[in-house]
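Structure data (mmCIF, C-alpha atoms and all ligand atoms) from start34.cif:
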data_data
loop_
_atom_site.label_atom_id
_atom_site.label_comp_id
_atom_site.auth_asym_id
_atom_site.auth_seq_id
_atom_site.Cartn_x
_atom_site.Cartn_y
_atom_site.Cartn_z
CA MET G 1 -5.38 -13.76 -14.35
CA ALA G 2 -4.20 -10.26 -13.59
CA VAL G 3 -0.93 -8.34 -13.23
CA TYR G 4 -0.48 -6.91 -9.72
CA LEU G 5 2.11 -4.28 -8.76
CA ILE G 6 2.66 -4.21 -5.01
CA THR G 7 4.96 -1.86 -3.04
CA GLY G 8 6.78 -2.62 0.22
CA THR G 9 7.05 -6.36 -0.36
CA ASN G 10 10.23 -7.27 1.52
CA ARG G 11 8.32 -7.98 4.75
CA GLY G 12 5.01 -7.65 6.58
CA ILE G 13 1.68 -7.40 4.80
CA GLY G 14 3.29 -6.64 1.42
CA LEU G 15 5.27 -9.89 1.36
CA GLU G 16 2.16 -11.90 2.22
CA LEU G 17 0.16 -10.10 -0.51
CA VAL G 18 2.84 -11.25 -2.98
CA ARG G 19 2.67 -14.86 -1.74
CA GLN G 20 -1.12 -15.01 -2.00
CA THR G 21 -1.45 -13.32 -5.40
CA LEU G 22 1.18 -15.68 -6.85
CA ALA G 23 -0.53 -18.70 -5.25
CA ALA G 24 -3.77 -17.62 -6.94
CA GLY G 25 -1.99 -17.68 -10.31
CA HIS G 26 -1.60 -13.93 -10.89
CA GLU G 27 1.51 -12.23 -12.23
CA VAL G 28 3.18 -9.98 -9.68
CA ILE G 29 5.60 -7.08 -9.89
CA ALA G 30 6.96 -6.86 -6.34
CA THR G 31 8.84 -3.74 -5.36
CA ALA G 32 11.20 -3.10 -2.47
CA ARG G 33 14.18 -0.80 -1.96
CA ASP G 34 16.61 -3.62 -2.84
CA PRO G 35 14.61 -6.75 -3.70
CA GLN G 36 17.68 -8.76 -4.79
CA ALA G 37 18.93 -8.54 -1.18
CA VAL G 38 15.73 -10.10 0.22
CA PRO G 39 15.94 -13.94 0.33
CA ALA G 40 12.15 -14.27 0.77
CA LEU G 41 11.70 -12.50 -2.59
CA THR G 42 14.58 -14.05 -4.54
CA GLU G 43 13.48 -17.54 -3.41
CA LEU G 44 9.90 -16.84 -4.53
CA ALA G 45 11.18 -15.48 -7.86
CA ALA G 46 13.29 -18.60 -8.43
CA SER G 47 10.20 -20.82 -8.30
CA ASN G 48 7.62 -18.41 -9.80
CA PRO G 49 8.20 -17.21 -13.37
CA GLY G 50 5.23 -14.86 -12.89
CA LEU G 51 7.11 -12.82 -10.27
CA THR G 52 9.13 -9.78 -11.36
CA LEU G 53 11.27 -8.02 -8.75
CA ALA G 54 11.75 -4.27 -9.08
CA ALA G 55 13.65 -1.71 -7.01
CA LEU G 56 11.64 1.20 -5.62
CA ASP G 57 12.39 3.63 -2.81
CA LEU G 58 9.38 5.79 -2.07
CA GLY G 59 11.71 8.50 -0.80
CA ASP G 60 13.54 8.68 -4.15
CA PRO G 61 11.42 9.94 -7.09
CA ASP G 62 14.22 8.94 -9.52
CA SER G 63 13.44 5.32 -8.62
CA PHE G 64 9.84 5.88 -9.83
CA ASP G 65 11.20 6.69 -13.30
CA ALA G 66 13.51 3.66 -13.18
CA LEU G 67 10.51 1.44 -12.34
CA VAL G 68 8.46 2.87 -15.22
CA GLY G 69 11.46 2.25 -17.49
CA GLN G 70 11.75 -1.36 -16.29
CA LEU G 71 8.04 -1.91 -16.95
CA ASP G 72 8.55 -0.69 -20.51
CA GLY G 73 4.83 -0.16 -21.14
CA ARG G 74 3.70 -3.41 -19.49
CA PRO G 75 0.04 -3.19 -18.45
CA VAL G 76 -0.69 -3.22 -14.71
CA ASP G 77 -4.19 -4.40 -13.78
CA VAL G 78 -4.07 -3.83 -10.01
CA LEU G 79 -1.79 -1.45 -8.09
CA ILE G 80 -1.48 -1.94 -4.33
CA ASN G 81 0.30 0.99 -2.66
CA ASN G 82 1.19 -0.90 0.51
CA ALA G 83 4.53 0.53 1.72
CA GLY G 84 4.33 2.92 4.65
CA ILE G 85 6.03 4.12 7.80
CA TYR G 86 4.77 5.09 11.24
CA GLY G 87 7.45 7.60 12.23
CA PRO G 88 8.97 8.03 15.68
CA ARG G 89 6.96 6.17 18.34
CA ASP G 90 7.56 8.86 20.96
CA ALA G 91 6.39 11.77 18.79
CA SER G 92 3.64 12.92 21.15
CA PHE G 93 2.45 16.53 21.44
CA GLY G 94 5.38 18.44 22.91
CA LYS G 95 7.91 16.33 21.01
CA LEU G 96 6.71 16.89 17.45
CA SER G 97 9.20 18.02 14.82
CA ALA G 98 8.58 19.29 11.30
CA GLU G 99 11.32 17.03 9.98
CA ASP G 100 9.74 13.83 11.36
CA TRP G 101 6.28 14.93 10.25
CA LEU G 102 7.30 15.80 6.68
CA THR G 103 9.27 12.56 6.27
CA VAL G 104 6.20 10.45 7.14
CA PHE G 105 3.93 12.69 5.08
CA ASN G 106 6.22 12.20 2.10
CA ILE G 107 6.32 8.39 2.32
CA ASP G 108 2.70 7.75 3.42
CA THR G 109 0.82 10.43 1.46
CA VAL G 110 2.81 12.18 -1.27
CA ALA G 111 4.84 9.27 -2.65
CA PRO G 112 1.98 6.78 -3.23
CA VAL G 113 -0.05 9.38 -5.10
CA LEU G 114 2.92 10.51 -7.22
CA LEU G 115 3.85 6.89 -7.93
CA THR G 116 0.27 6.22 -9.06
CA GLN G 117 0.49 9.31 -11.28
CA LYS G 118 3.67 7.93 -12.91
CA LEU G 119 2.08 4.50 -13.41
CA MET G 120 -1.11 5.78 -15.08
CA PRO G 121 -0.01 4.80 -18.62
CA ASN G 122 0.50 1.21 -17.38
CA LEU G 123 -2.73 1.24 -15.38
CA ARG G 124 -4.69 2.61 -18.36
CA GLN G 125 -3.47 -0.38 -20.39
CA GLY G 126 -4.64 -2.76 -17.64
CA ALA G 127 -7.94 -4.62 -17.75
CA ASP G 128 -9.02 -4.47 -14.09
CA LYS G 129 -8.28 -0.78 -13.40
CA ARG G 130 -8.00 -1.13 -9.62
CA ILE G 131 -5.84 1.07 -7.41
CA ALA G 132 -5.63 0.35 -3.67
CA PHE G 133 -3.93 2.46 -1.02
CA MET G 134 -3.01 1.04 2.38
CA SER G 135 -4.42 3.54 4.81
CA SER G 136 -5.21 2.88 8.47
CA LYS G 137 -8.18 3.20 10.78
CA MET G 138 -5.86 5.57 12.67
CA GLY G 139 -6.42 7.99 9.78
CA SER G 140 -10.16 8.08 10.52
CA VAL G 141 -11.18 11.33 12.23
CA ALA G 142 -14.51 9.77 13.27
CA ASP G 143 -12.73 6.81 14.89
CA ASN G 144 -10.20 8.92 16.81
CA GLY G 145 -11.13 8.43 20.45
CA SER G 146 -7.68 8.39 21.97
CA GLY G 147 -5.70 11.29 20.47
CA GLY G 148 -1.92 11.12 20.00
CA SER G 149 -0.08 9.66 16.98
CA TYR G 150 -0.36 13.06 15.24
CA ILE G 151 2.12 12.24 12.53
CA TYR G 152 0.81 8.85 11.40
CA ARG G 153 -2.86 9.79 11.84
CA THR G 154 -2.60 12.98 9.76
CA ALA G 155 -0.54 11.32 7.02
CA LYS G 156 -3.18 8.59 6.57
CA SER G 157 -6.09 11.11 6.85
CA ALA G 158 -4.52 13.13 4.04
CA LEU G 159 -4.01 9.96 2.02
CA ASN G 160 -7.73 9.21 2.43
CA GLN G 161 -8.61 12.62 0.99
CA ALA G 162 -6.31 12.00 -1.99
CA VAL G 163 -7.98 8.60 -2.54
CA LYS G 164 -11.37 10.30 -2.65
CA CYS G 165 -10.08 12.84 -5.19
CA LEU G 166 -8.59 10.08 -7.36
CA ALA G 167 -11.78 8.01 -7.21
CA ILE G 168 -13.75 10.98 -8.52
CA ASP G 169 -11.16 12.06 -11.10
CA LEU G 170 -10.69 8.53 -12.50
CA GLN G 171 -14.36 7.54 -12.40
CA PRO G 172 -14.93 8.47 -16.09
CA GLU G 173 -12.20 5.93 -16.97
CA GLN G 174 -13.92 3.23 -14.84
CA PHE G 175 -11.09 2.96 -12.30
CA ILE G 176 -11.94 1.60 -8.85
CA VAL G 177 -9.85 3.42 -6.22
CA LEU G 178 -9.90 2.19 -2.62
CA SER G 179 -8.57 3.22 0.77
CA LEU G 180 -7.93 0.09 2.85
CA HIS G 181 -7.47 -0.72 6.54
CA PRO G 182 -5.55 -4.01 6.93
CA GLY G 183 -6.63 -4.62 10.53
CA TRP G 184 -4.24 -4.50 13.47
CA VAL G 185 -1.68 -6.90 12.07
CA ARG G 186 1.29 -8.62 13.73
CA THR G 187 4.17 -7.09 11.70
CA ASP G 188 7.17 -4.91 12.53
CA MET G 189 4.81 -1.92 12.43
CA GLY G 190 1.80 -3.54 14.16
CA GLY G 191 3.93 -5.24 16.85
CA PRO G 192 3.39 -8.62 18.55
CA ASN G 193 0.03 -7.71 20.11
CA GLY G 194 -1.75 -7.22 16.78
CA LEU G 195 -5.11 -8.99 16.54
CA ILE G 196 -4.53 -10.82 13.24
CA ASP G 197 -1.66 -12.34 11.26
CA THR G 198 -0.52 -11.24 7.80
CA ARG G 199 -2.24 -14.26 6.23
CA THR G 200 -5.71 -13.23 7.46
CA SER G 201 -5.10 -9.58 6.60
CA ALA G 202 -3.81 -10.23 3.06
CA GLN G 203 -6.59 -12.74 2.33
CA GLY G 204 -9.24 -10.21 3.36
CA LEU G 205 -7.60 -7.29 1.56
CA LEU G 206 -7.33 -9.21 -1.73
CA SER G 207 -10.95 -10.25 -1.48
CA VAL G 208 -12.02 -6.62 -0.87
CA ILE G 209 -9.94 -5.40 -3.83
CA GLN G 210 -11.15 -8.12 -6.19
CA GLN G 211 -14.82 -7.87 -5.24
CA ALA G 212 -15.08 -4.07 -5.21
CA ARG G 213 -17.61 -2.67 -7.69
CA PRO G 214 -17.60 0.77 -9.34
CA VAL G 215 -20.02 2.00 -6.65
CA ASP G 216 -17.38 1.16 -3.99
CA SER G 217 -14.74 3.43 -5.56
CA GLY G 218 -13.64 6.11 -3.10
CA ALA G 219 -14.63 4.04 -0.05
CA PHE G 220 -12.56 3.33 3.08
CA ILE G 221 -12.84 -0.43 3.68
CA ALA G 222 -11.27 -2.81 6.22
CA TYR G 223 -9.81 -6.27 5.47
CA ASP G 224 -13.08 -7.81 6.77
CA ASN G 225 -15.11 -5.79 4.24
CA LYS G 226 -16.50 -3.41 6.89
CA ARG G 227 -16.71 0.27 5.93
CA ILE G 228 -14.64 2.64 8.07
CA PRO G 229 -16.12 6.08 8.76
CA TRP G 230 -13.92 8.94 7.49
P1 LIG G 301 6.01 -3.11 8.02
O1 LIG G 301 6.68 -2.06 8.84
O2 LIG G 301 6.16 -4.53 8.37
O3 LIG G 301 6.40 -2.95 6.48
C1 LIG G 301 6.43 -1.69 5.87
C2 LIG G 301 6.87 -1.86 4.43
O4 LIG G 301 6.96 -0.55 3.84
C3 LIG G 301 8.26 -2.50 4.33
O5 LIG G 301 8.29 -3.33 3.20
C4 LIG G 301 9.15 -1.29 4.13
O6 LIG G 301 10.37 -1.53 3.46
C5 LIG G 301 8.24 -0.45 3.25
N1 LIG G 301 8.74 0.92 3.18
C6 LIG G 301 8.83 1.83 4.18
N2 LIG G 301 9.44 2.95 3.71
C7 LIG G 301 9.74 2.71 2.40
C8 LIG G 301 10.39 3.48 1.40
N3 LIG G 301 10.87 4.71 1.62
N4 LIG G 301 10.54 2.92 0.18
C9 LIG G 301 10.08 1.68 -0.09
N5 LIG G 301 9.47 0.90 0.84
C10 LIG G 301 9.31 1.43 2.07
O7 LIG G 301 4.48 -2.66 8.02
P2 LIG G 301 3.12 -3.43 7.67
O8 LIG G 301 3.38 -4.53 6.72
O9 LIG G 301 2.42 -3.68 8.93
O10 LIG G 301 2.34 -2.23 6.95
C11 LIG G 301 1.99 -2.21 5.57
C12 LIG G 301 1.00 -1.05 5.39
O11 LIG G 301 -0.15 -1.28 6.21
C13 LIG G 301 1.56 0.32 5.78
O12 LIG G 301 1.12 1.29 4.85
C14 LIG G 301 0.92 0.57 7.14
O13 LIG G 301 0.79 1.94 7.44
C15 LIG G 301 -0.42 -0.12 6.99
N6 LIG G 301 -1.06 -0.50 8.25
C16 LIG G 301 -0.52 -1.47 9.05
C17 LIG G 301 -1.17 -1.84 10.22
C18 LIG G 301 -0.67 -2.92 11.13
O14 LIG G 301 -1.31 -3.19 12.16
N7 LIG G 301 0.43 -3.59 10.84
C19 LIG G 301 -2.42 -1.17 10.64
C20 LIG G 301 -2.89 -0.17 9.73
C21 LIG G 301 -2.22 0.13 8.58
P3 LIG G 301 11.79 -1.38 4.27
O15 LIG G 301 11.97 -2.65 5.05
O16 LIG G 301 12.80 -1.21 3.16
O17 LIG G 301 11.68 -0.17 5.14
#

Whole structure given in structure tokens:
Amino acid sequence: MAVYLITGTNRGIGLELVRQTLAAGHEVIATARDPQAVPALTELAASNPGLTLAALDLGDPDSFDALVGQLDGRPVDVLINNAGIYGPRDASFGKLSAEDWLTVFNIDTVAPVLLTQKLMPNLRQGADKRIAFMSSKMGSVADNGSGGSYIYRTAKSALNQAVKCLAIDLQPEQFIVLSLHPGWVRTDMGGPNGLIDTRTSAQGLLSVIQQARPVDSGAFIAYDNKRIPW
């Protein structure tokens, strides 16, 4: 059984990832901005001794240090950087602003990499040495046939490049680093027309993470195990 640390767990895909990892018998450190204020998490914690709740705001680097302090050297086997934002829905060309763009870039690209950097001592103590980043097919340049969504697309494209760098840099330490596409999922971000539910997405994502081999490190993989072109 492994120790998972998952970000953005108060709702959506992150919450379902917590449910499924706990159900499989793993220990989980679930982060959210204010987890004690989330009934879904406090109820799960009440009945699962293997669940630790931890506060983390990706926009507040001080909270990264607080999380590392709370972990107090605890090994983390699998890190899932799930939290993310889309940004303003109407930010089409002509309405783009630097402020909106940099906010999304900070949360979707910079923060997950800096958080991973902070957690390296814990990850180095872990047995599985797996680091997953929730990207999106919308970050694929090859798949972009419809334009638009400049802010979200570029933030996830840049994240993909960082994942590739990390996979190469951490290869000598046998880490497996993955960029994942969860599918088009019915969540607050994906909306009601998404093609799959969080259950199907989380099940597929966990299987991809758990079955990945060293040769898969640095790949961009969807919840159904299909490779996504960069
Ligand atoms: P949701 O909008 O339902 O959930 C997003 C999660 O990210 C929430 O837990 C949210 O917490 C958290 N989050 C956002 N900003 C911060 C922050 N500053 N600090 C801490 N947590 C934060 O989205 P999904 O569950 O659908 O998305 C999960 C991931 O999957 C994202 O990275 C997304 O880009 C990606 N994705 C989703 C797709 C879909 O179809 N749904 C498709 C492709 C990729 P809070 O409530 O506090 O804001």

Which residues come within 8 Å of Leu195 in chain G, counting all atoms listed in the file, excluding same-chain residues fewer than 5 positions away, as a list in words?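 The filter keeps Gly183, Trp184, Val185 and Arg186 of chain G.
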
Within-6 Å residues of ligand LIG 301 (chain G), basis all atoms listed in the file, as a PyMOL selection string: chain G and resi 8-14+32-33+56-59+82-85+107+134-136+181-190

What's the separation between CA of Gly148 in chain G and CA of Phe93 in chain G, in Å to one decimal place?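 CA of Phe93 in chain G lies 7.1 Å from CA of Gly148 in chain G.
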
Which residue, G:Ala219, G:Val38, G:Ala24, G:Leu123, has the smallest gap to Gln161 in chain G when you use all atoms listed in the file?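 Closest to Gln161 in chain G of all the choices is G:Ala219.
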
What does the distance from CA of Asp143 in chain G to CA of Leu180 in chain G come to in Å, to one decimal? 14.6 Å

Atomic distance CA of Leu22 in chain G - CA of Thr116 in chain G, expressed in Å with one decimal: 22.0 Å

Write out as a ChimeraX atom specification the residues lying within 12 Å of Ile228 in chain G, counting all atoms listed in the file and excluding same-chain residues fewer than 2 positions away. /G:135-144,160,178-183,218-226,230

Compare G:Val78, G:Phe64, G:Lys118, G:Tyr150 by their minimum atom-to-atom distance to Leu206 in chain G, counting only C-alpha atoms, and give me the closest one. G:Val78

Please report as a Markdown table every residue of range 118-152 of chain G lying within 12 Å of range 100-103 of chain G, along with the nearest atom pair and their distance in Å (one decimal), using only C-alpha atoms.
| residue | atom | partner | partner_atom | distance |
| --- | --- | --- | --- | --- |
| G:Ser149 | CA | G:Trp101 | CA | 10.7 |
| G:Tyr150 | CA | G:Trp101 | CA | 8.5 |
| G:Ile151 | CA | G:Trp101 | CA | 5.5 |
| G:Tyr152 | CA | G:Trp101 | CA | 8.3 |

Non-local contacts of Phe105 in chain G (9 Å; all atoms listed in the file; under 6 positions in same chain excluded) as a ChimeraX atom specification: /G:111,151-152,154-156,158-159

As a PyMOL selection string, please: the residues near Asp169 in chain G (cut-off 12 Å, all atoms listed in the file, same-chain neighbours under 6 positions excluded). chain G and resi 117+162-163+175-177+217-218

Pick from G:Ile29, G:Ile196, G:Val104, G:Ala46: nearest to Ala91 in chain G, with all atoms listed in the file counted?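 Of G:Ile29, G:Ile196, G:Val104, G:Ala46, the one nearest Ala91 in chain G, counting all atoms listed in the file, is G:Val104.
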
With 4 Å added on each side, what axis-aligned box encloses every listed atom of range 173-180 of chain G? Give the centre and edge lengths in Å to one decimal, as lines of an AutoDock Vina configuration file.
center_x = -10.9
center_y = 3.0
center_z = -7.1
size_x = 14.0
size_y = 13.8
size_z = 27.8

Which is closest to Leu114 in chain G among G:Ala23, G:Ala30, G:Ala202, G:Leu166, if we use all atoms listed in the file?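 Going through G:Ala23, G:Ala30, G:Ala202, G:Leu166 one by one, the smallest distance to Leu114 in chain G is for G:Leu166.
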
Since the input lacks atoms, please generate N, CA and C atoms for range 58-78 of chain G and provide them as an mmCIF file, in the coordinates of the input.
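Dumped everything to result16.cif:
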data_model
loop_
_atom_site.group_PDB
_atom_site.id
_atom_site.type_symbol
_atom_site.label_atom_id
_atom_site.label_comp_id
_atom_site.auth_asym_id
_atom_site.auth_seq_id
_atom_site.Cartn_x
_atom_site.Cartn_y
_atom_site.Cartn_z
ATOM 1 N N LEU G 58 10.411 4.746 -2.023
ATOM 2 C CA LEU G 58 9.380 5.790 -2.070
ATOM 3 C C LEU G 58 9.923 7.173 -1.739
ATOM 4 N N GLY G 59 11.091 7.210 -1.116
ATOM 5 C CA GLY G 59 11.710 8.500 -0.800
ATOM 6 C C GLY G 59 12.558 9.031 -1.938
ATOM 7 N N ASP G 60 12.657 8.291 -3.046
ATOM 8 C CA ASP G 60 13.540 8.680 -4.150
ATOM 9 C C ASP G 60 12.751 8.686 -5.468
ATOM 10 N N PRO G 61 12.243 9.868 -5.869
ATOM 11 C CA PRO G 61 11.420 9.940 -7.090
ATOM 12 C C PRO G 61 12.140 9.424 -8.342
ATOM 13 N N ASP G 62 13.500 9.488 -8.357
ATOM 14 C CA ASP G 62 14.220 8.940 -9.520
ATOM 15 C C ASP G 62 13.929 7.449 -9.676
ATOM 16 N N SER G 63 13.703 6.762 -8.540
ATOM 17 C CA SER G 63 13.440 5.320 -8.620
ATOM 18 C C SER G 63 12.052 5.056 -9.228
ATOM 19 N N PHE G 64 11.154 6.052 -9.188
ATOM 20 C CA PHE G 64 9.840 5.880 -9.830
ATOM 21 C C PHE G 64 10.051 5.781 -11.351
ATOM 22 N N ASP G 65 10.920 6.689 -11.856
ATOM 23 C CA ASP G 65 11.200 6.690 -13.300
ATOM 24 C C ASP G 65 11.885 5.389 -13.716
ATOM 25 N N ALA G 66 12.807 4.917 -12.856
ATOM 26 C CA ALA G 66 13.510 3.660 -13.180
ATOM 27 C C ALA G 66 12.511 2.514 -13.250
ATOM 28 N N LEU G 67 11.528 2.504 -12.336
ATOM 29 C CA LEU G 67 10.510 1.440 -12.340
ATOM 30 C C LEU G 67 9.682 1.509 -13.638
ATOM 31 N N VAL G 68 9.251 2.716 -13.986
ATOM 32 C CA VAL G 68 8.460 2.870 -15.220
ATOM 33 C C VAL G 68 9.280 2.392 -16.416
ATOM 34 N N GLY G 69 10.577 2.705 -16.411
ATOM 35 C CA GLY G 69 11.460 2.250 -17.490
ATOM 36 C C GLY G 69 11.540 0.731 -17.527
ATOM 37 N N GLN G 70 11.672 0.113 -16.349
ATOM 38 C CA GLN G 70 11.750 -1.360 -16.290
ATOM 39 C C GLN G 70 10.450 -1.985 -16.800
ATOM 40 N N LEU G 71 9.329 -1.350 -16.515
ATOM 41 C CA LEU G 71 8.040 -1.910 -16.950
ATOM 42 C C LEU G 71 7.886 -1.828 -18.476
ATOM 43 N N ASP G 72 8.504 -0.812 -19.058
ATOM 44 C CA ASP G 72 8.550 -0.690 -20.510
ATOM 45 C C ASP G 72 7.151 -0.845 -21.153
ATOM 46 N N GLY G 73 6.177 -0.158 -20.566
ATOM 47 C CA GLY G 73 4.830 -0.160 -21.140
ATOM 48 C C GLY G 73 3.962 -1.349 -20.747
ATOM 49 N N ARG G 74 4.486 -2.228 -19.881
ATOM 50 C CA ARG G 74 3.700 -3.410 -19.490
ATOM 51 C C ARG G 74 2.406 -2.981 -18.773
ATOM 52 N N PRO G 75 1.286 -3.547 -19.152
ATOM 53 C CA PRO G 75 0.040 -3.190 -18.450
ATOM 54 C C PRO G 75 0.064 -3.657 -16.992
ATOM 55 N N VAL G 76 -0.514 -2.844 -16.122
ATOM 56 C CA VAL G 76 -0.690 -3.220 -14.710
ATOM 57 C C VAL G 76 -2.197 -3.197 -14.455
ATOM 58 N N ASP G 77 -2.747 -4.326 -14.010
ATOM 59 C CA ASP G 77 -4.190 -4.400 -13.780
ATOM 60 C C ASP G 77 -4.581 -3.866 -12.395
ATOM 61 N N VAL G 78 -3.751 -4.200 -11.395
ATOM 62 C CA VAL G 78 -4.070 -3.830 -10.010
ATOM 63 C C VAL G 78 -2.812 -3.275 -9.351
#
